[in-house]
Structures are given as structure tokens and as C-alpha cells.
file start_12.txt (compact mmCIF, C-alpha atoms)
# COMPACT_ATOMS: atom_id res chain seq x y z
CA MET M 117 -8.10 8.67 -3.30
CA LEU M 118 -11.10 6.38 -3.47
CA VAL M 119 -13.71 6.14 -0.76
CA VAL M 120 -15.48 2.80 -0.41
CA GLU M 121 -18.71 2.73 1.52
CA ASN M 122 -19.70 0.25 4.20
CA THR M 123 -23.37 -0.67 4.19
CA PRO M 124 -25.46 -3.24 6.08
CA GLN M 125 -24.63 -5.65 3.21
CA VAL M 126 -21.01 -4.78 2.42
CA HIS M 127 -17.89 -4.42 4.59
CA ASN M 128 -14.69 -2.98 3.09
CA LEU M 129 -11.14 -3.57 4.33
CA VAL M 130 -7.96 -1.84 3.11
CA VAL M 131 -4.49 -3.40 2.97
CA CYS M 132 -1.21 -3.15 1.08
CA THR M 133 0.22 -6.67 0.80
CA LEU M 134 3.36 -5.58 -1.10
CA CYS M 135 4.55 -2.72 1.12
CA SER M 136 2.53 -0.31 3.24
CA CYS M 137 0.53 2.05 0.99
CA TYR M 138 -1.93 4.02 3.10
CA PRO M 139 -3.97 7.23 2.69
CA TRP M 140 -1.37 9.49 4.38
CA PRO M 141 -2.96 12.84 3.44
CA VAL M 142 -6.11 11.95 5.36
CA LEU M 143 -5.10 9.44 8.03
CA GLY M 144 -1.46 10.38 8.62
CA LEU M 145 1.22 7.72 8.97
CA PRO M 146 -0.01 4.14 9.35
CA PRO M 147 0.19 2.26 12.64
CA VAL M 148 2.83 -0.47 12.97
CA TRP M 149 0.29 -3.30 12.70
CA TYR M 150 -0.84 -2.05 9.26
CA LYS M 151 2.76 -2.36 7.99
CA SER M 152 3.37 -5.69 9.72
CA ALA M 153 3.66 -9.14 8.15
CA PRO M 154 0.71 -10.63 10.10
CA TYR M 155 -1.75 -8.05 8.74
CA ARG M 156 -0.33 -7.85 5.21
CA SER M 157 -0.25 -11.64 4.80
CA ARG M 158 -3.68 -12.46 6.16
CA ALA M 159 -5.97 -9.56 5.21
CA VAL M 160 -6.45 -10.95 1.69
CA ILE M 161 -6.75 -14.67 2.47
CA ASP M 162 -8.67 -14.47 5.75
CA PRO M 163 -10.28 -11.05 6.13
CA ARG M 164 -12.98 -12.38 8.44
CA GLY M 165 -10.35 -13.90 10.73
CA VAL M 166 -8.43 -10.62 10.75
CA LEU M 167 -11.59 -8.69 11.64
CA ARG M 168 -12.34 -11.19 14.41
CA GLU M 169 -8.88 -10.46 15.81
CA PHE M 170 -9.87 -6.79 15.95
CA GLY M 171 -13.05 -7.80 17.78
CA LEU M 172 -15.39 -7.53 14.81
CA GLU M 173 -17.43 -10.63 14.00
CA LEU M 174 -19.19 -10.28 10.66
CA PRO M 175 -22.30 -12.29 9.80
CA GLN M 176 -21.82 -14.87 7.03
CA GLU M 177 -24.27 -12.97 4.82
CA THR M 178 -22.16 -9.80 4.85
CA GLU M 179 -20.06 -9.39 1.72
CA VAL M 180 -16.41 -8.58 2.44
CA ARG M 181 -14.44 -6.54 -0.09
CA VAL M 182 -10.70 -6.30 0.44
CA TRP M 183 -8.82 -3.53 -1.34
CA ASP M 184 -5.15 -4.39 -1.91
CA SER M 185 -3.43 -1.05 -2.64
CA THR M 186 -1.09 -2.29 -5.37
CA ALA M 187 -0.95 0.99 -7.37
CA GLU M 188 -0.94 4.72 -6.59
CA LEU M 189 -4.63 4.85 -5.71
CA ARG M 190 -5.35 5.11 -2.00
CA TYR M 191 -8.41 3.73 -0.29
CA LEU M 192 -10.45 5.00 2.59
CA VAL M 193 -13.48 3.28 4.11
CA LEU M 194 -16.61 5.32 4.71
CA PRO M 195 -17.93 3.65 7.86
CA GLU M 196 -21.56 2.71 8.27
CA ARG M 197 -23.59 5.15 10.33
CA PRO M 198 -24.32 3.44 13.64
CA ALA M 199 -27.91 2.90 14.71
CA GLY M 200 -29.21 5.37 17.26
CA THR M 201 -27.25 8.35 15.91
CA GLU M 202 -30.10 9.93 13.95
CA HIS M 203 -30.12 12.93 16.32
CA LEU M 204 -26.40 13.69 15.89
CA ASN M 205 -25.12 16.45 13.62
CA GLU M 206 -22.13 16.20 11.27
CA GLU M 207 -19.63 17.35 13.88
CA GLN M 208 -20.89 14.91 16.49
CA LEU M 209 -20.84 12.10 13.96
CA ALA M 210 -17.30 12.97 12.88
CA ALA M 211 -16.19 12.72 16.51
CA LEU M 212 -17.29 9.08 16.56
CA VAL M 213 -15.22 8.08 13.53
CA THR M 214 -11.93 6.36 14.27
CA ARG M 215 -8.87 5.66 12.16
CA ASP M 216 -9.51 1.93 12.48
CA ALA M 217 -13.03 2.38 11.10
CA MET M 218 -11.59 4.18 8.05
CA VAL M 219 -9.16 1.31 7.41
CA GLY M 220 -12.05 -1.10 7.82
CA VAL M 221 -10.89 -3.09 10.85
CA ALA M 222 -13.56 -1.62 13.12
CA ARG M 223 -17.09 -0.31 13.04
CA VAL M 224 -18.08 3.07 14.38
CA SER M 225 -19.54 2.75 17.82
CA PRO M 226 -22.59 4.94 18.58
CA SER M 227 -21.20 6.10 21.91
CA GLN M 228 -17.56 6.77 22.55
CA LYS M 229 -14.53 7.13 20.39
CA ASP M 230 -12.19 4.15 20.64
CA ALA M 231 -9.09 5.12 22.60
CA SER M 232 -6.80 3.18 20.25
CA ALA M 233 -7.46 5.51 17.32
CA MET J 248 10.64 -10.39 -7.84
CA ASN J 249 9.24 -13.31 -5.88
CA GLY J 250 10.40 -11.84 -2.59
CA VAL J 251 9.22 -12.13 0.97
CA HIS J 252 7.70 -8.63 0.67
CA ASP J 253 4.99 -10.20 -1.52
CA MET J 254 3.26 -11.73 1.49
CA GLY J 255 -0.42 -11.76 0.56
CA GLY J 256 -1.79 -15.20 1.49
CA MET J 257 1.19 -16.38 3.57
CA HIS J 258 0.62 -18.19 6.84
CA GLY J 259 2.55 -18.31 10.08
CA MET J 260 3.32 -14.61 10.53
CA GLY J 261 1.69 -14.59 13.97
CA PRO J 262 -1.01 -12.48 15.59
CA ILE J 263 -1.71 -8.86 14.66
CA LEU J 264 -0.35 -6.72 17.47
CA ALA J 265 -2.30 -3.48 17.64
CA GLU J 266 -0.83 -1.04 20.16
CA LYS J 267 -3.18 1.14 22.18
CA ASN J 268 -2.44 4.88 21.92
CA GLU J 269 0.42 4.22 19.54
CA PRO J 270 2.83 7.15 19.07
CA VAL J 271 3.52 8.35 15.51
CA PHE J 272 7.19 7.43 15.99
CA HIS J 273 8.59 5.01 18.56
CA ALA J 274 11.97 6.78 18.57
CA PRO J 275 13.16 10.13 17.18
CA TRP J 276 15.41 8.42 14.61
CA GLU J 277 12.36 6.96 12.88
CA GLY J 278 11.14 10.45 12.07
CA ARG J 279 14.62 11.36 10.82
CA VAL J 280 14.63 8.38 8.45
CA LEU J 281 11.25 9.35 7.07
CA ALA J 282 12.29 12.98 6.68
CA LEU J 283 15.60 12.04 5.02
CA ARG J 284 13.89 9.81 2.52
CA ARG J 285 11.23 12.36 1.68
CA ALA J 286 13.61 15.29 1.42
CA MET J 287 16.35 13.47 -0.50
CA ALA J 288 13.84 12.55 -3.17
CA ALA J 289 14.24 16.21 -4.23
CA TRP J 290 17.50 15.34 -6.00
CA ARG J 291 15.50 13.14 -8.38
CA LYS J 292 18.17 10.45 -8.32
CA TRP J 293 15.46 7.85 -7.89
CA ASN J 294 11.68 7.53 -8.00
CA ILE J 295 8.95 5.91 -5.93
CA ASP J 296 9.33 2.57 -7.71
CA VAL J 297 13.10 2.55 -7.20
CA THR J 298 12.58 3.14 -3.48
CA ARG J 299 10.02 0.33 -3.22
CA HIS J 300 12.26 -2.08 -5.10
CA GLU J 301 15.24 -1.22 -2.94
CA VAL J 302 13.26 -2.27 0.14
CA GLU J 303 12.31 -5.52 -1.62
CA LEU J 304 16.01 -6.19 -2.18
CA VAL J 305 16.64 -6.36 1.57
CA PRO J 306 17.45 -10.10 2.03
CA PRO J 307 14.37 -12.06 3.20
CA ALA J 308 15.57 -13.00 6.69
CA GLU J 309 16.64 -9.41 7.29
CA TYR J 310 13.43 -8.05 5.81
CA LEU J 311 11.36 -9.97 8.34
CA ARG J 312 13.65 -9.23 11.27
CA LEU J 313 13.93 -5.47 10.72
CA SER J 314 11.27 -2.94 11.68
CA TYR J 315 9.64 -0.82 8.98
CA TYR J 316 11.91 2.18 9.54
CA GLU J 317 15.01 -0.03 9.83
CA ARG J 318 14.22 -1.49 6.40
CA GLN J 319 13.61 1.98 5.02
CA PHE J 320 16.98 3.13 6.37
CA VAL J 321 18.92 0.16 4.95
CA ALA J 322 17.31 0.71 1.55
CA PHE J 323 17.99 4.46 1.75
CA LEU J 324 21.73 3.89 2.29
CA GLU J 325 21.82 1.58 -0.75
CA MET J 326 20.14 4.25 -2.88
CA LEU J 327 22.62 6.88 -1.72
CA VAL J 328 25.52 4.69 -2.85
CA LYS J 329 23.94 3.42 -6.08
CA SER J 330 22.99 6.92 -7.16
CA GLY J 331 26.51 8.19 -6.51
CA LEU J 332 25.46 10.75 -3.89
CA VAL J 333 27.91 9.21 -1.41
CA THR J 334 30.45 6.41 -1.55
CA ARG J 335 30.49 3.35 0.69
CA ALA J 336 33.74 4.61 2.21
CA GLU J 337 32.05 7.89 3.09
CA LEU J 338 29.14 6.05 4.68
CA GLU J 339 31.50 3.97 6.78
CA SER J 340 33.68 6.87 7.89
CA GLY J 341 30.88 9.41 8.21
CA ILE J 342 33.22 11.95 6.60
CA PRO J 343 32.98 13.30 3.02
CA ALA J 344 35.91 12.25 0.85
CA GLN J 345 38.33 15.07 0.12
CA GLY J 346 37.37 16.99 -2.98
CA SER J 347 34.03 15.22 -3.35
CA ALA J 348 31.44 17.27 -5.19
CA LYS J 349 28.62 18.79 -3.16
CA ALA J 350 25.12 18.50 -4.54
CA THR J 351 23.87 21.96 -5.49
CA PRO J 352 21.73 23.94 -4.97
CA THR J 353 21.58 23.25 -1.26
CA LEU J 354 18.35 21.66 -0.13
CA THR J 355 16.91 23.93 2.57
CA PRO J 356 14.13 23.05 5.03
CA GLU J 357 11.86 25.51 3.18
CA LYS J 358 12.45 23.83 -0.17
CA ALA J 359 12.01 20.38 1.36
CA ALA J 360 8.66 21.35 2.84
CA VAL J 361 7.40 22.52 -0.56
CA LEU J 362 8.65 19.40 -2.32
CA VAL J 363 7.14 17.06 0.23
CA ALA J 364 3.79 18.85 0.06
CA ARG J 365 3.81 18.73 -3.74
CA GLY J 366 4.72 15.04 -3.92
CA VAL J 367 5.68 13.32 -7.13
CA PRO J 368 2.57 12.46 -9.13
CA THR J 369 2.65 9.20 -11.07
CA ARG J 370 -0.54 9.86 -13.06
CA ARG J 371 0.23 10.88 -16.64
CA ASP J 372 -1.92 13.11 -18.78
CA VAL J 373 -1.22 11.29 -22.03
CA LEU J 374 -3.55 9.60 -24.45
CA VAL J 375 -3.14 5.84 -24.23
CA THR J 376 -5.77 3.46 -25.56
CA PRO J 377 -7.09 1.22 -22.79
CA ARG J 378 -7.04 -2.49 -23.66
CA PHE J 379 -9.99 -3.21 -21.37
CA ARG J 380 -13.27 -1.71 -20.23
CA GLY J 381 -15.43 -2.09 -17.14
CA GLY J 382 -17.06 -5.53 -17.08
CA ASP J 383 -14.38 -7.23 -19.22
CA HIS J 384 -13.25 -10.65 -18.04
CA VAL J 385 -9.50 -10.80 -17.66
CA ARG J 386 -6.75 -13.08 -16.42
CA ALA J 387 -3.79 -11.77 -14.46
CA ARG J 388 -0.67 -12.89 -16.31
CA ASN J 389 1.34 -15.76 -14.92
CA MET J 390 4.62 -13.88 -14.90
CA HIS J 391 7.58 -13.98 -12.53
CA PRO J 392 9.91 -11.09 -13.31
CA VAL J 393 13.15 -11.05 -11.30
CA GLY J 394 12.86 -7.27 -11.06
CA HIS J 395 10.19 -5.04 -9.55
CA THR J 396 6.51 -5.69 -10.12
CA ARG J 397 3.27 -4.72 -8.40
CA LEU J 398 1.47 -7.87 -9.47
CA PRO J 399 1.28 -10.01 -6.33
CA ARG J 400 1.90 -13.75 -6.64
CA TYR J 401 -1.47 -14.66 -5.17
CA ALA J 402 -3.27 -13.09 -8.14
CA ARG J 403 -1.12 -14.42 -10.98
CA GLY J 404 -2.98 -16.66 -13.39
CA LYS J 405 -6.31 -15.85 -11.71
CA LEU J 406 -9.52 -14.73 -13.40
CA GLY J 407 -11.10 -11.39 -12.55
CA VAL J 408 -13.43 -8.72 -13.86
CA ILE J 409 -12.51 -5.10 -14.62
CA ASP J 410 -14.36 -2.98 -12.08
CA ARG J 411 -13.20 0.44 -13.29
CA ASP J 412 -10.48 2.25 -15.21
CA HIS J 413 -8.38 4.57 -13.00
CA GLY J 414 -6.63 6.30 -15.90
CA VAL J 415 -3.02 6.36 -17.04
CA PHE J 416 -0.07 5.88 -14.69
CA VAL J 417 3.67 5.27 -14.82
CA PHE J 418 4.52 1.55 -15.09
CA PRO J 419 6.48 0.43 -11.99
CA ASP J 420 8.09 -2.62 -13.63
CA THR J 421 10.14 -0.42 -15.96
CA ASN J 422 10.30 2.76 -13.87
CA ALA J 423 11.91 0.93 -10.93
CA HIS J 424 14.85 0.04 -13.20
CA PHE J 425 15.20 3.43 -14.94
CA LEU J 426 13.83 1.83 -18.13
CA GLY J 427 11.24 4.49 -18.83
CA GLU J 428 7.77 5.34 -17.62
CA LYS J 429 5.80 3.29 -20.17
CA PRO J 430 2.54 5.02 -19.12
CA GLN J 431 -0.54 2.80 -19.33
CA HIS J 432 -4.01 2.31 -17.91
CA VAL J 433 -4.50 1.03 -14.39
CA TYR J 434 -7.72 -0.80 -13.59
CA SER J 435 -9.39 -1.93 -10.44
CA VAL J 436 -9.87 -5.66 -10.98
CA ARG J 437 -12.24 -7.70 -8.88
CA PHE J 438 -11.28 -11.28 -8.02
CA ALA J 439 -13.71 -13.59 -6.27
CA ALA J 440 -12.17 -14.82 -3.02
CA ARG J 441 -12.88 -18.40 -4.13
CA GLU J 442 -10.96 -17.86 -7.39
CA LEU J 443 -7.94 -16.82 -5.33
CA TRP J 444 -8.21 -19.16 -2.33
CA GLY J 445 -10.56 -21.99 -3.24
CA GLN J 446 -13.49 -23.37 -1.31
CA GLN J 447 -12.21 -22.25 2.10
CA ALA J 448 -13.14 -18.67 1.19
CA SER J 449 -16.62 -17.21 1.49
CA PRO J 450 -18.54 -17.27 -1.80
CA ARG J 451 -19.59 -13.68 -1.10
CA ASP J 452 -16.15 -12.15 -0.66
CA SER J 453 -13.78 -10.60 -3.15
CA VAL J 454 -10.40 -8.89 -3.38
CA PHE J 455 -9.87 -5.83 -5.55
CA LEU J 456 -6.39 -5.18 -6.95
CA ASP J 457 -5.19 -2.24 -9.00
CA MET J 458 -3.53 -3.61 -12.11
CA TRP J 459 -1.60 -2.11 -14.98
CA ASP J 460 -2.54 -3.04 -18.55
CA ASP J 461 0.61 -5.13 -18.98
CA TYR J 462 -0.44 -7.40 -16.09
CA LEU J 463 -3.63 -8.49 -17.83
CA GLU J 464 -4.80 -10.64 -20.70
CA THR J 465 -8.25 -11.27 -22.14
CA ALA J 466 -10.06 -14.22 -20.60
call {"tool": "encode", "arguments": {"input": "start_12.txt", "output": "C-alpha cells"}}
result
Amino acid sequence: MLVVENTPQVHNLVVCTLCSCYPWPVLGLPPVWYKSAPYRSRAVIDPRGVLREFGLELPQETEVRVWDSTAELRYLVLPERPAGTEHLNEEQLAALVTRDAMVGVARVSPSQKDASA
Amino acid sequence: MNGVHDMGGMHGMGPILAEKNEPVFHAPWEGRVLALRRAMAAWRKWNIDVTRHEVELVPPAEYLRLSYYERQFVAFLEMLVKSGLVTRAELESGIPAQGSAKATPTLTPEKAAVLVARGVPTRRDVLVTPRFRGGDHVRARNMHPVGHTRLPRYARGKLGVIDRDHGVFVFPDTNAHFLGEKPQHVYSVRFAARELWGQQASPRDSVFLDMWDDYLETA
């Protein structure tokens, strides 16, 4: 398993265009949308459009790296630490991390865990 | 094969429908299909690449119409027949043919749990000389095999740079057809989004693909 880190300059997004490879041991079974034709077809050609659909608008200056899981390596995104969380400990930070953030279709919000993940 | 499963870059597939509070399975049979596929792998009648290819062989219109677990089930039945574990007549009747051999030893839930946890590694601890190193400029081969491949169409013929060497793995193109493991290096190859998609893509973006040695040539 490879962990790719999001930074203020770089945003990572994971997909499997050929089937539905996903980091099962860590994230469990993938959601239906991850295995669906709309996500698999567009994540590589229009990652910014895909992210917009998930409610994440990236600035033009951010570099987007898409990881197409074509072999037996599995990818996990290390989300960027949100601003205003300097006082939180590891456990509190972990509680903010969502599945979607580890696939790369969302950012970690400094307040509450997203109900969808 | 140039199948509909190879959908990177296609248009017209519609919006991404993310379900809030999605359950792991939408019906109990989905879990049964997953469990059957995982447990039956214990008989070693097929391998991961065979299972992927069998899903690719689902006819395109069907492939798009069926849900993920429906496709997995259709492919699973094909593998059962092709591997000789059951006959088509048995599948249709739901009854074992008289005098048909039973696979032994019996696969128990305990054994299945161990096998599933262990998985079937595809990394090989053999010495193979890598053809490329990090930083090398490469071109993905323009190849269109009718069988299984993990080289997506959208990358074929495109120029990239080796990002890193992942080590030696079984080669899916041969393994999916029981033609041997042909272990070789797999690299992470970085392709500029503009190399893949032209000027419509952001000059900053890139797509990384994991590629076997046989998919690449020096550029």
C-alpha cells in the first residue's frame, strides 16, 4: 500500500479505471460510486470536474495527481491537516478523517465528520 | 482487450451518484457473491487475473447494465464451468449430476477465513533485471491484445517518466490465460495530463499508472 500526501500545493485522487481496485484492508469495501462508470471514466480525464461534483473546488494553482490503480499496489490519500486543528491530539484528528478524504474526493473539515463516510 | 471495462477518459456515463450513509451491501445476496468468490479461490482453479478477465468478458451492453455484484456473479458462474467445478447442466438444474466428483478436502468456514485473510500475493521474490530506472523517459506501447491487459487504452502510445520501481510482480497478460507468471518489474509511471488529454487539461496535473516492464519502451 502506498500513501500519497495532500499538501497546500498538491491534491491526490485515487481511481481504478479498469475495474475497482481499492485499499480494502484499510478502508473496507468501496462504495458503489467508486466502482461506477461515471467515476471510473472521468476521474482521469477531468479530475477537477469530478472533485467539483463532490463539492470540492480546487484553485487552478493546485497540482492534481490522479493515481490509476492498474496493478496490485493500492493507494491511500493522507489528507491535509485542516487549519485551526493545532490544539487537537492524534485521536481527535483521526476522528475528523473520512473515507472520502482518504480516496481524495474530499478534504478533511476542521469541525465535524462528514455523515456520508 | 479493448472492452468497455477500459473506461478511463470516456464521456457520457452520467453524474456520480454518491449515496449518503451507504450500507456495505444493498442486499444479502451481494455479500454471498463476494464470500463465494473469495472462498472458492481456495481451490486454485483460477487466479486474480483470470477473475478480472472473466468480468471483462461480460458483453459490453450487459457490463454497463449490471451492477458490480451482478457482474461478479455472472463471471463467477463462467469460471465454475470453465474450470470444470460444475457443469452448465448442473448450474441450470441446481442439482449435482449423479456420480460427479466432489472437490476434496471440504472447504470449511474456518479454512476459508484463513485463506481470505492470507490473500494470494502477486509479488514475486525473484531476481529480474529492471529495464528502467526512476527518471527514465518511456513510452507506453501502442498494443491492442485481444486478451487481458492492465494497460489502459488512454495511456497507449503516450510519453511518461518512471517515478519509482515497485518491484517484481506476476504479469497479468499471461497469468490471466494460464500462460505462466512471467514475473517482471512494475513501475509507477507519471504522465502529464496534457500528454494524455491535450490542451484541455491543466498543465499542472498528471496521472500516475502502474505499468509492467512489457508495457514500456524507451523514449
call {"tool": "residues_around", "arguments": {"input": "start_12.txt", "residues": "Gly381 of chain J", "least_positions_apart": "4", "cutoff": "7 Å", "atoms": "all atoms listed in the file", "output": "PDB file with C-alpha atoms, in the coordinates of the input"}}
result
ATOM      1  CA  ILE J 409     -12.510  -5.100 -14.620  1.00  0.00           C
ATOM      2  CA  ASP J 410     -14.360  -2.980 -12.080  1.00  0.00           C
ATOM      3  CA  ARG J 411     -13.200   0.440 -13.290  1.00  0.00           C
ATOM      4  CA  ASP J 412     -10.480   2.250 -15.210  1.00  0.00           C
TER       5      ASP J 412
END
call {"tool": "closest_residue", "arguments": {"input": "start_12.txt", "among": "M:Leu212, M:Cys132, M:Val126, M:Leu204", "to": "Glu188 of chain M", "atoms": "only C-alpha atoms"}}
result
M:Cys132
call {"tool": "interface_residues", "arguments": {"input": "start_12.txt", "of": "chain J", "to": "chain M", "cutoff": "7 Å", "atoms": "all atoms listed in the file", "output": "list in words"}}
result
His252, Asp253, Met254, Gly255, Gly256, Met257, His258, Met260, Gly261, Pro262, Ile263, Leu264, Ala265, Lys267, Asn268, Val271, Arg397, Trp444, Arg451, Asp452, Ser453, Val454, Phe455, Leu456 and Asp457 of chain J
call {"tool": "atom_distance", "arguments": {"input": "start_12.txt", "atom1": "atom CA of Gly407 of chain J", "atom2": "atom CA of Asp383 of chain J"}}
result
8.5 Å
call {"tool": "closest_residue", "arguments": {"input": "start_12.txt", "among": "M:Tyr191, M:Tyr138, M:Ser225, M:Asp216", "to": "Glu121 of chain M", "atoms": "all atoms listed in the file"}}
result
M:Tyr191
call {"tool": "atom_distance", "arguments": {"input": "start_12.txt", "atom1": "atom CA of Leu332 of chain J", "atom2": "atom CA of Phe425 of chain J"}}
result
16.8 Å
